[in-house]
$ cat query.csv   # CSV, C-alpha atoms
chain,number,residue,atom,x,y,z
A,11,MET,CA,44.1,31.9,43.7
A,12,GLN,CA,40.7,30.2,43.7
A,13,TYR,CA,37.7,31.5,45.5
A,14,LYS,CA,34.9,29.2,46.5
A,15,VAL,CA,31.5,30.7,46.2
A,16,LYS,CA,29.6,29.9,49.3
A,17,ILE,CA,25.9,30.0,49.0
A,18,ARG,CA,24.7,31.7,52.2
A,19,ASP,CA,22.6,29.9,54.7
A,20,GLN,CA,18.9,30.4,54.6
A,21,LYS,CA,17.5,32.0,57.6
A,22,ILE,CA,14.4,30.6,59.2
A,23,LEU,CA,12.3,32.5,61.7
A,24,LEU,CA,9.8,30.6,63.9
A,25,VAL,CA,7.1,32.6,65.6
A,26,ASP,CA,4.8,30.9,68.1
A,27,ASP,CA,3.9,31.9,71.7
A,28,LEU,CA,4.4,28.3,72.8
A,29,ASP,CA,8.0,27.2,73.2
A,30,TYR,CA,7.0,23.5,72.7
A,31,ASN,CA,5.5,24.3,69.3
A,32,ARG,CA,8.7,26.0,68.1
A,33,GLN,CA,10.9,23.1,69.3
A,34,LEU,CA,8.6,20.6,67.6
A,35,LEU,CA,8.7,22.5,64.4
A,36,ARG,CA,12.4,23.0,64.4
A,37,HIS,CA,13.1,19.4,65.2
A,38,ASN,CA,10.9,18.3,62.2
A,39,LEU,CA,12.2,20.9,59.8
A,40,THR,CA,15.7,19.6,60.5
A,41,ALA,CA,14.6,16.0,60.1
A,42,LEU,CA,12.8,16.7,56.8
A,43,PHE,CA,15.7,18.7,55.4
A,44,SER,CA,18.1,15.8,56.1
A,45,THR,CA,15.9,13.0,54.7
A,46,HIS,CA,14.4,14.6,51.6
A,47,SER,CA,16.0,15.7,48.5
A,48,LEU,CA,15.6,19.4,48.8
A,49,LYS,CA,18.0,21.7,47.1
A,50,HIS,CA,18.1,24.4,49.7
A,51,LYS,CA,18.9,22.9,53.1
A,52,ALA,CA,21.6,25.0,54.7
A,53,PHE,CA,19.8,27.0,57.4
A,54,SER,CA,20.1,28.9,60.6
A,55,TYR,CA,17.1,29.3,63.0
A,56,PHE,CA,15.8,32.3,64.9
A,57,GLN,CA,12.8,32.2,67.2
A,58,ALA,CA,10.3,34.7,68.6
A,59,HIS,CA,7.4,34.2,71.1
A,60,ASN,CA,5.3,37.2,70.4
A,61,ALA,CA,4.7,39.9,67.7
A,62,ALA,CA,7.1,42.5,69.2
A,63,SER,CA,10.1,40.2,69.4
A,64,ALA,CA,9.2,38.7,66.0
A,65,LEU,CA,9.4,42.2,64.4
A,66,GLN,CA,12.7,42.8,66.1
A,67,ALA,CA,14.2,39.5,65.0
A,68,PHE,CA,12.8,40.0,61.5
A,69,SER,CA,14.3,43.4,61.1
A,70,LEU,CA,17.7,42.2,62.3
A,71,GLN,CA,17.9,38.9,60.4
A,72,LEU,CA,15.7,39.5,57.3
A,73,PRO,CA,14.9,35.7,57.1
A,74,ASP,CA,14.1,33.9,53.9
A,75,LEU,CA,11.4,31.6,55.4
A,76,VAL,CA,9.1,32.4,58.3
A,77,PHE,CA,6.6,30.2,60.1
A,78,LEU,CA,4.2,32.6,61.6
A,79,ASP,CA,1.4,31.8,64.1
A,80,ILE,CA,-1.7,33.8,63.1
A,81,GLU,CA,-2.8,34.4,66.8
A,82,LEU,CA,-0.1,35.9,68.9
A,83,PRO,CA,-0.6,37.2,72.5
A,84,ASP,CA,0.2,40.8,71.6
A,85,GLY,CA,-1.1,41.2,68.1
A,86,SER,CA,-2.4,39.7,64.9
A,87,GLY,CA,-0.2,37.5,62.7
A,88,ILE,CA,-1.7,39.0,59.6
A,89,GLU,CA,-0.7,42.5,60.6
A,90,LEU,CA,2.8,41.2,61.3
A,91,LEU,CA,2.9,39.5,57.9
A,92,LYS,CA,2.1,42.8,56.2
A,93,ARG,CA,5.0,44.5,58.0
A,94,PHE,CA,7.4,41.6,57.0
A,95,LYS,CA,6.4,41.8,53.3
A,96,GLN,CA,7.1,45.6,53.4
A,97,GLN,CA,10.6,45.1,54.8
A,98,LYS,CA,11.4,42.1,52.6
A,99,PRO,CA,9.0,41.5,49.7
A,100,ASP,CA,10.5,38.2,48.6
A,101,CYS,CA,10.3,36.7,52.1
A,102,PHE,CA,8.4,33.3,52.1
A,103,VAL,CA,5.9,33.4,54.9
A,104,VAL,CA,3.9,30.4,56.0
A,105,MET,CA,0.9,31.2,58.2
A,106,VAL,CA,0.2,28.7,60.9
A,107,SER,CA,-3.3,28.6,62.4
A,108,GLY,CA,-5.6,26.4,64.4
A,109,VAL,CA,-8.5,27.6,62.3
A,110,SER,CA,-8.7,26.9,58.6
A,111,THR,CA,-11.7,29.0,57.7
A,112,LEU,CA,-11.8,30.3,54.2
A,113,ASP,CA,-11.7,33.9,55.6
A,114,ASN,CA,-8.4,33.2,57.4
A,115,VAL,CA,-6.9,31.6,54.3
A,116,LYS,CA,-8.0,34.4,52.0
A,117,ALA,CA,-6.9,37.2,54.4
A,118,SER,CA,-3.5,35.5,54.6
A,119,ILE,CA,-3.1,35.2,50.8
A,120,ALA,CA,-4.2,38.8,50.4
A,121,ALA,CA,-1.6,40.0,52.9
A,122,GLY,CA,1.2,38.2,51.0
A,123,ALA,CA,1.4,34.7,52.7
A,124,ALA,CA,3.0,32.0,50.5
A,125,SER,CA,1.4,29.1,52.3
A,126,PHE,CA,-0.9,28.1,55.1
A,127,ILE,CA,-0.5,25.3,57.7
A,128,VAL,CA,-3.5,24.2,59.7
A,129,LYS,CA,-2.6,22.9,63.2
A,130,PRO,CA,-2.0,20.2,64.4
A,131,PHE,CA,1.3,19.9,62.6
A,132,SER,CA,2.0,16.9,60.5
A,133,ALA,CA,5.1,15.9,58.6
A,134,ASP,CA,3.1,15.9,55.3
A,135,LYS,CA,2.0,19.5,55.8
A,136,ILE,CA,5.5,20.7,56.6
A,137,LEU,CA,7.1,18.8,53.7
A,138,ALA,CA,4.6,20.2,51.2
A,139,VAL,CA,5.6,23.7,52.4
A,140,LEU,CA,9.4,22.9,52.2
A,141,LYS,CA,9.0,21.6,48.6
A,142,GLN,CA,7.1,24.8,47.7
A,143,PHE,CA,9.8,26.9,49.3
A,144,ASP,CA,12.5,25.0,47.4
A,145,ARG,CA,10.9,25.9,44.1
A,146,TYR,CA,10.4,29.4,45.2
A,147,PHE,CA,13.9,30.0,46.6
A,148,ASP,CA,15.4,28.7,43.3
A,149,LYS,CA,13.7,31.5,41.4
A,150,VAL,CA,14.7,34.1,44.0
A,151,LEU,CA,18.4,33.1,43.7
A,152,LYS,CA,18.2,33.2,39.9
A,153,THR,CA,16.7,36.7,39.8
A,154,SER,CA,18.6,38.3,42.6
A,155,PRO,CA,21.7,40.5,41.6
A,156,GLU,CA,25.1,39.0,42.6
B,281,MET,CA,-6.4,5.1,49.0
B,282,ASN,CA,-8.0,8.2,50.6
B,283,LEU,CA,-10.2,10.2,48.3
B,284,LEU,CA,-11.8,13.7,48.9
B,285,PHE,CA,-15.0,14.0,46.9
B,286,ALA,CA,-16.1,17.7,46.5
B,287,GLU,CA,-19.6,17.8,45.1
B,288,ASP,CA,-22.7,19.8,46.1
B,289,ASP,CA,-25.2,17.3,44.8
B,290,SER,CA,-25.7,14.9,47.7
B,291,LEU,CA,-27.2,12.1,45.6
B,292,LEU,CA,-24.3,12.1,43.3
B,293,ALA,CA,-22.0,12.1,46.3
B,294,GLN,CA,-23.7,9.2,47.9
B,295,LEU,CA,-23.6,7.2,44.8
B,296,PHE,CA,-19.9,7.8,44.3
B,297,MET,CA,-19.2,7.0,48.0
B,298,LEU,CA,-21.1,3.7,47.7
B,299,GLN,CA,-19.2,2.6,44.6
B,300,ALA,CA,-15.8,3.8,45.8
B,301,GLN,CA,-16.2,2.2,49.2
B,302,ASP,CA,-17.3,-1.1,47.6
B,303,ALA,CA,-14.1,-1.0,45.7
B,304,GLY,CA,-12.0,-0.5,48.8
B,305,TYR,CA,-11.5,3.3,48.7
B,306,GLN,CA,-11.9,5.6,51.7
B,307,VAL,CA,-14.0,8.6,50.8
B,308,PHE,CA,-14.6,11.9,52.5
B,309,TRP,CA,-17.4,14.1,51.1
B,310,ALA,CA,-17.1,17.9,51.0
B,311,GLU,CA,-20.3,19.6,50.0
B,312,ASN,CA,-18.7,22.8,48.7
B,313,GLY,CA,-15.3,24.3,47.6
B,314,ASP,CA,-14.8,26.0,51.0
B,315,ILE,CA,-14.9,22.6,52.9
B,316,ALA,CA,-12.8,21.0,50.1
B,317,VAL,CA,-10.0,23.5,50.7
B,318,GLN,CA,-10.1,23.1,54.4
B,319,GLN,CA,-10.1,19.3,54.2
B,320,ALA,CA,-7.4,19.3,51.5
B,321,LEU,CA,-5.0,21.3,53.8
B,322,SER,CA,-5.1,18.4,56.2
B,323,TYR,CA,-2.9,16.6,53.7
B,324,GLN,CA,-4.7,13.3,54.4
B,325,PHE,CA,-5.9,12.6,50.9
B,326,ASP,CA,-4.2,11.0,48.0
B,327,LEU,CA,-6.5,12.4,45.4
B,328,ILE,CA,-9.2,15.1,45.2
B,329,PHE,CA,-12.3,14.9,42.9
B,330,MET,CA,-13.5,18.5,42.4
B,331,ASP,CA,-16.8,19.4,41.0
B,332,ILE,CA,-16.7,22.7,39.1
B,333,GLN,CA,-20.0,24.4,39.9
B,334,MET,CA,-20.3,24.5,43.7
B,335,PRO,CA,-21.7,27.0,46.2
B,336,VAL,CA,-19.6,29.2,48.5
B,337,LEU,CA,-16.4,28.5,46.5
B,338,ASP,CA,-16.4,27.0,43.0
B,339,GLY,CA,-14.1,24.1,42.0
B,340,ILE,CA,-11.8,26.2,39.9
B,341,SER,CA,-11.2,28.8,42.6
B,342,ALA,CA,-10.7,26.0,45.2
B,343,MET,CA,-8.1,24.3,43.0
B,344,GLN,CA,-6.4,27.6,42.3
B,345,MET,CA,-6.3,28.5,46.0
B,346,LEU,CA,-4.8,25.1,46.8
B,347,ARG,CA,-2.2,25.4,44.1
B,348,GLN,CA,-1.2,28.9,45.2
B,349,LEU,CA,-0.7,27.5,48.7
B,350,GLY,CA,1.7,24.9,47.3
B,351,TYR,CA,-0.7,21.9,47.3
B,352,ASP,CA,1.0,19.5,44.9
B,353,ARG,CA,-1.2,16.4,45.1
B,354,PRO,CA,-3.5,15.3,42.3
B,355,ILE,CA,-6.8,17.1,41.7
B,356,ILE,CA,-9.3,15.8,39.2
B,357,ALA,CA,-12.0,18.1,37.8
B,358,MET,CA,-15.5,16.8,37.2
B,359,SER,CA,-17.6,18.7,34.8
B,360,ALA,CA,-20.2,18.5,32.0
B,361,GLU,CA,-18.5,21.5,30.4
B,362,GLU,CA,-15.1,21.8,29.1
B,363,VAL,CA,-12.4,22.8,31.6
B,364,THR,CA,-9.5,24.8,30.3
B,365,GLU,CA,-7.9,26.2,33.5
B,366,GLU,CA,-4.4,24.9,34.3
B,367,GLY,CA,-3.8,23.1,37.6
B,368,PHE,CA,-6.0,20.0,37.3
B,369,ASP,CA,-4.3,16.7,36.7
B,370,LEU,CA,-7.2,15.3,34.8
B,371,VAL,CA,-10.7,16.3,33.7
B,372,LEU,CA,-13.5,13.8,33.9
B,373,LYS,CA,-16.6,14.4,31.9
B,374,LYS,CA,-19.9,14.3,33.8
B,375,PRO,CA,-22.0,12.2,34.2
B,376,LEU,CA,-19.3,10.0,35.8
B,377,HIS,CA,-19.3,6.3,35.0
B,378,TRP,CA,-17.7,4.2,37.8
B,379,GLU,CA,-15.9,1.8,35.4
B,380,GLN,CA,-14.3,4.8,33.7
B,381,VAL,CA,-13.4,6.4,37.0
B,382,GLN,CA,-11.7,3.2,38.2
B,383,VAL,CA,-9.6,3.0,35.1
B,384,ASN,CA,-8.4,6.5,35.7
B,385,LEU,CA,-7.8,6.0,39.4
B,386,ALA,CA,-5.3,3.3,38.5
B,387,GLN,CA,-2.8,5.8,37.3
B,388,PHE,CA,-2.6,7.6,40.7
B,389,ASP,CA,-0.6,6.3,43.6
B,390,VAL,CA,-1.2,6.2,47.3
B,391,ILE,CA,1.0,8.9,48.8
B,392,PRO,CA,3.0,7.4,51.7
B,393,GLN,CA,2.2,9.2,55.0
B,394,LEU,CA,5.1,10.7,56.9
B,395,SER,CA,4.9,10.8,60.6
B,396,LEU,CA,5.9,13.7,62.7
B,397,GLN,CA,8.9,13.2,64.9
B,398,VAL,CA,8.2,13.9,68.6
B,399,PRO,CA,11.3,13.4,70.7
B,400,PRO,CA,10.3,11.6,74.0
B,401,GLU,CA,11.7,14.4,76.2
B,402,LEU,CA,9.7,17.0,74.3
B,403,LYS,CA,6.5,14.9,74.6
B,404,SER,CA,6.9,14.5,78.3
B,405,ALA,CA,7.6,18.2,78.7
B,406,TYR,CA,4.4,18.9,76.8
B,407,ALA,CA,2.5,16.4,78.9
B,408,ALA,CA,3.6,18.4,82.0
B,409,HIS,CA,2.4,21.5,80.3
B,410,ILE,CA,-1.0,20.0,79.8
B,411,GLU,CA,-1.2,19.1,83.4
B,412,GLU,CA,-0.3,22.6,84.4
B,413,SER,CA,-2.8,24.0,81.9
B,414,LEU,CA,-5.6,21.9,83.4
B,415,HIS,CA,-4.7,23.1,86.8
B,416,GLN,CA,-4.8,26.7,85.6
B,417,LEU,CA,-8.2,26.1,83.9
B,418,GLN,CA,-9.6,24.7,87.1
B,419,MET,CA,-8.6,27.9,89.0
B,420,LEU,CA,-9.9,30.2,86.2
B,421,ALA,CA,-13.2,28.3,86.1
B,422,ASP,CA,-13.5,28.6,89.9
B,423,SER,CA,-13.3,32.4,89.6
B,424,ALA,CA,-15.4,32.5,86.3
B,425,ARG,CA,-12.5,34.2,84.4
B,426,TRP,CA,-13.9,32.9,81.0
B,427,ALA,CA,-11.8,35.0,78.6
B,428,GLU,CA,-8.6,33.5,80.0
B,429,PHE,CA,-10.2,30.1,80.3
B,430,SER,CA,-11.1,30.2,76.6
B,431,ALA,CA,-7.6,31.3,75.5
B,432,ILE,CA,-6.0,28.3,77.2
B,433,VAL,CA,-8.6,25.9,75.7
B,434,HIS,CA,-7.8,27.4,72.3
B,435,GLN,CA,-4.1,26.8,72.8
B,436,LEU,CA,-4.7,23.2,73.8
B,437,LYS,CA,-6.9,22.6,70.8
B,438,GLY,CA,-4.2,23.9,68.4
B,439,SER,CA,-1.2,22.2,70.0
B,440,ALA,CA,-2.1,19.0,71.8
B,441,GLY,CA,-2.7,17.1,68.6
B,442,SER,CA,0.8,17.8,67.3
B,443,PHE,CA,2.3,16.1,70.3
B,444,GLY,CA,0.2,13.0,70.1
B,445,PHE,CA,-2.6,14.1,72.5
B,446,GLU,CA,-5.4,14.1,69.9
B,447,GLU,CA,-8.0,13.3,72.5
B,448,ILE,CA,-7.3,16.5,74.4
B,449,SER,CA,-7.3,18.5,71.1
B,450,GLN,CA,-10.7,17.0,70.2
B,451,LEU,CA,-12.2,17.7,73.6
B,452,ALA,CA,-11.0,21.3,73.4
B,453,ASP,CA,-12.4,21.6,69.9
B,454,LYS,CA,-15.8,20.3,71.1
B,455,LEU,CA,-15.9,22.7,74.0
B,456,GLN,CA,-15.0,25.7,71.8
B,457,GLN,CA,-17.8,25.0,69.3
B,458,THR,CA,-20.6,25.3,71.8
B,459,TRP,CA,-19.0,27.7,74.2
B,460,PRO,CA,-20.4,31.0,72.8
B,461,THR,CA,-24.0,29.7,73.1
B,462,LEU,CA,-23.8,28.9,76.8
B,463,SER,CA,-25.2,30.8,79.7
B,464,GLU,CA,-23.0,31.7,82.7
B,465,GLU,CA,-24.4,28.8,84.7
B,466,GLN,CA,-24.0,26.3,81.8
B,467,LYS,CA,-20.4,27.4,81.4
B,468,GLN,CA,-19.6,26.3,85.0
B,469,THR,CA,-21.1,22.9,84.4
B,470,ARG,CA,-19.5,22.5,80.9
B,471,ALA,CA,-16.1,23.5,82.2
B,472,THR,CA,-16.2,21.0,85.1
B,473,ASN,CA,-17.3,18.3,82.6
B,474,PHE,CA,-14.5,19.2,80.2
B,475,LEU,CA,-11.8,19.1,82.9
B,476,GLU,CA,-13.1,15.7,84.1
B,477,GLN,CA,-12.9,14.4,80.6
B,478,CYS,CA,-9.4,15.7,80.1
B,479,GLN,CA,-8.3,14.2,83.4
B,480,ALA,CA,-9.6,10.8,82.2
B,481,CYS,CA,-7.3,10.9,79.2
B,482,ASN,CA,-3.9,9.3,79.3
B,483,ILE,CA,-1.6,12.2,79.5
B,484,LYS,CA,1.9,10.7,79.4

$ encode --input "query.csv" --output "structure tokens"
Amino acid sequence: MQYKVKIRDQKILLVDDLDYNRQLLRHNLTALFSTHSLKHKAFSYFQAHNAASALQAFSLQLPDLVFLDIELPDGSGIELLKRFKQQKPDCFVVMVSGVSTLDNVKASIAAGAASFIVKPFSADKILAVLKQFDRYFDKVLKTSPE
Amino acid sequence: MNLLFAEDDSLLAQLFMLQAQDAGYQVFWAENGDIAVQQALSYQFDLIFMDIQMPVLDGISAMQMLRQLGYDRPIIAMSAEEVTEEGFDLVLKKPLHWEQVQVNLAQFDVIPQLSLQVPPELKSAYAAHIEESLHQLQMLADSARWAEFSAIVHQLKGSAGSFGFEEISQLADKLQQTWPTLSEEQKQTRATNFLEQCQACNIK
């Protein structure tokens, strides 16, 4: 009897207080996954609109990729990022911010962010992150125990 | 081709911009590494020229920060000294000679710009959200609830541009920049002015 090895879906968590932003991001992620030659493109989405629900969703799903707004109504995205990295150190977190000051970028990197997107969203910014994630996730799969 | 030119010496920058613009290139000047990183993250440039010795953030740290964040577009270092750090696509010896720069530029390509897909129904839903936000802003301004007012302006600044309402985003950005310096009375006037400007935009 033959067994097919199924590579599990990647889990993506989108955290933004504005529903429209999450919809826009999800729509464009799906579009980019389908039109660009990325290796890892099987995915399931989860969403959260504030820090509390993001933490809950994260603990439950342990996603591989997170888009995390830096300013949430009930807490700081950077603090949340630290909690995520404690729970799942190899999680790839992309900070999303309306403000690209060096302090913001540095604080994000120091807290474990893999990348940083400055709003407004553009397809080029999102694609650059997905390519980076593709390379990163390859390494994670190779080093993780079967 | 869009170039980002990071150089703290304004005379050198002006010279480069004149030569490059003459040859048909678009150039944006960043006067230090900090501004260079912020600009690069807009992903609007095909190529970055990075001086090594710059204030606030030097060229090597700026390049390394961008590479760490997954920035995979070409970065050219410019230096009178030798540059051994990994991450640059090319090192040009200073002083730069335009003829030599042009020869080197030929090996880099324009990076095709991808456009964000905004489904029409999502765009019109967001347009309705802007209208509602403006209405809310009016009420908040009438009762001088400035903290809540600022929070909504901040959200508009961050989001409107993604949905194709760049004008609203820019107006919100402008308001935010001067807001902390305004007196209570000035805030009322400025808020009214802002709301009028937004209403004049085509929100559809």

$ residues_around --input "query.csv" --residues "His415 (chain B)" --least-positions-apart "5" --cutoff "12 Å" --atoms "all atoms listed in the file" --output "number ranges by chain"
B: 408-410, 420-422, 429, 432, 472, 475-476, 478-479

$ interface_residues --input "query.csv" --of "chain A" --to "chain B" --cutoff "6 Å" --atoms "only C-alpha atoms" --output "list in words"
Gly108, Ser110, Ser125, Lys129, Pro130, Phe131, Ser132, Ala133, Asp134 and Gln142 of chain A

$ closest_residue --input "query.csv" --among "B:Ile328, B:Val383, B:Val363, B:Leu295" --to "Asn282 (chain B)" --atoms "only C-alpha atoms"
B:Ile328

$ residues_around --input "query.csv" --residues "Trp426 (chain B)" --least-positions-apart "4" --cutoff "12 Å" --atoms "only C-alpha atoms" --output "ChimeraX atom specification"
/B:416-422,430-434,456,459-460,462-465,467-468,470-471

$ write_last_selection --input "query.csv" --atoms "C-alpha atoms" --output "compact mmCIF listing (two decimals), in the coordinates of the input"
# COMPACT_ATOMS: atom_id res chain seq x y z
CA GLN B 416 -4.80 26.70 85.60
CA LEU B 417 -8.20 26.10 83.90
CA GLN B 418 -9.60 24.70 87.10
CA MET B 419 -8.60 27.90 89.00
CA LEU B 420 -9.90 30.20 86.20
CA ALA B 421 -13.20 28.30 86.10
CA ASP B 422 -13.50 28.60 89.90
CA SER B 430 -11.10 30.20 76.60
CA ALA B 431 -7.60 31.30 75.50
CA ILE B 432 -6.00 28.30 77.20
CA VAL B 433 -8.60 25.90 75.70
CA HIS B 434 -7.80 27.40 72.30
CA GLN B 456 -15.00 25.70 71.80
CA TRP B 459 -19.00 27.70 74.20
CA PRO B 460 -20.40 31.00 72.80
CA LEU B 462 -23.80 28.90 76.80
CA SER B 463 -25.20 30.80 79.70
CA GLU B 464 -23.00 31.70 82.70
CA GLU B 465 -24.40 28.80 84.70
CA LYS B 467 -20.40 27.40 81.40
CA GLN B 468 -19.60 26.30 85.00
CA ARG B 470 -19.50 22.50 80.90
CA ALA B 471 -16.10 23.50 82.20

$ residues_around --input "query.csv" --residues "Trp309 (chain B)" --least-positions-apart "3" --cutoff "12 Å" --atoms "only C-alpha atoms" --output "PyMOL selection string"
chain B and resi 282-298+300+306+312-313+315-317+319-320+325+328-331

$ write_last_selection --input "query.csv" --atoms "C-alpha atoms" --output "PDB file, keeping the file's coordinate frame"
ATOM      1  CA  ASN B 282      -8.000   8.200  50.600  1.00  0.00           C
ATOM      2  CA  LEU B 283     -10.200  10.200  48.300  1.00  0.00           C
ATOM      3  CA  LEU B 284     -11.800  13.700  48.900  1.00  0.00           C
ATOM      4  CA  PHE B 285     -15.000  14.000  46.900  1.00  0.00           C
ATOM      5  CA  ALA B 286     -16.100  17.700  46.500  1.00  0.00           C
ATOM      6  CA  GLU B 287     -19.600  17.800  45.100  1.00  0.00           C
ATOM      7  CA  ASP B 288     -22.700  19.800  46.100  1.00  0.00           C
ATOM      8  CA  ASP B 289     -25.200  17.300  44.800  1.00  0.00           C
ATOM      9  CA  SER B 290     -25.700  14.900  47.700  1.00  0.00           C
ATOM     10  CA  LEU B 291     -27.200  12.100  45.600  1.00  0.00           C
ATOM     11  CA  LEU B 292     -24.300  12.100  43.300  1.00  0.00           C
ATOM     12  CA  ALA B 293     -22.000  12.100  46.300  1.00  0.00           C
ATOM     13  CA  GLN B 294     -23.700   9.200  47.900  1.00  0.00           C
ATOM     14  CA  LEU B 295     -23.600   7.200  44.800  1.00  0.00           C
ATOM     15  CA  PHE B 296     -19.900   7.800  44.300  1.00  0.00           C
ATOM     16  CA  MET B 297     -19.200   7.000  48.000  1.00  0.00           C
ATOM     17  CA  LEU B 298     -21.100   3.700  47.700  1.00  0.00           C
ATOM     18  CA  ALA B 300     -15.800   3.800  45.800  1.00  0.00           C
ATOM     19  CA  GLN B 306     -11.900   5.600  51.700  1.00  0.00           C
ATOM     20  CA  ASN B 312     -18.700  22.800  48.700  1.00  0.00           C
ATOM     21  CA  GLY B 313     -15.300  24.300  47.600  1.00  0.00           C
ATOM     22  CA  ILE B 315     -14.900  22.600  52.900  1.00  0.00           C
ATOM     23  CA  ALA B 316     -12.800  21.000  50.100  1.00  0.00           C
ATOM     24  CA  VAL B 317     -10.000  23.500  50.700  1.00  0.00           C
ATOM     25  CA  GLN B 319     -10.100  19.300  54.200  1.00  0.00           C
ATOM     26  CA  ALA B 320      -7.400  19.300  51.500  1.00  0.00           C
ATOM     27  CA  PHE B 325      -5.900  12.600  50.900  1.00  0.00           C
ATOM     28  CA  ILE B 328      -9.200  15.100  45.200  1.00  0.00           C
ATOM     29  CA  PHE B 329     -12.300  14.900  42.900  1.00  0.00           C
ATOM     30  CA  MET B 330     -13.500  18.500  42.400  1.00  0.00           C
ATOM     31  CA  ASP B 331     -16.800  19.400  41.000  1.00  0.00           C
TER      32      ASP B 331
END

$ closest_residue --input "query.csv" --among "A:Leu90, A:Leu75, A:Ala62, A:Val106" --to "Asn31 (chain A)" --atoms "all atoms listed in the file"
A:Val106

$ atom_distance --input "query.csv" --atom1 "CA of Ser404 (chain B)" --atom2 "CA of Glu447 (chain B)"
16.0 Å
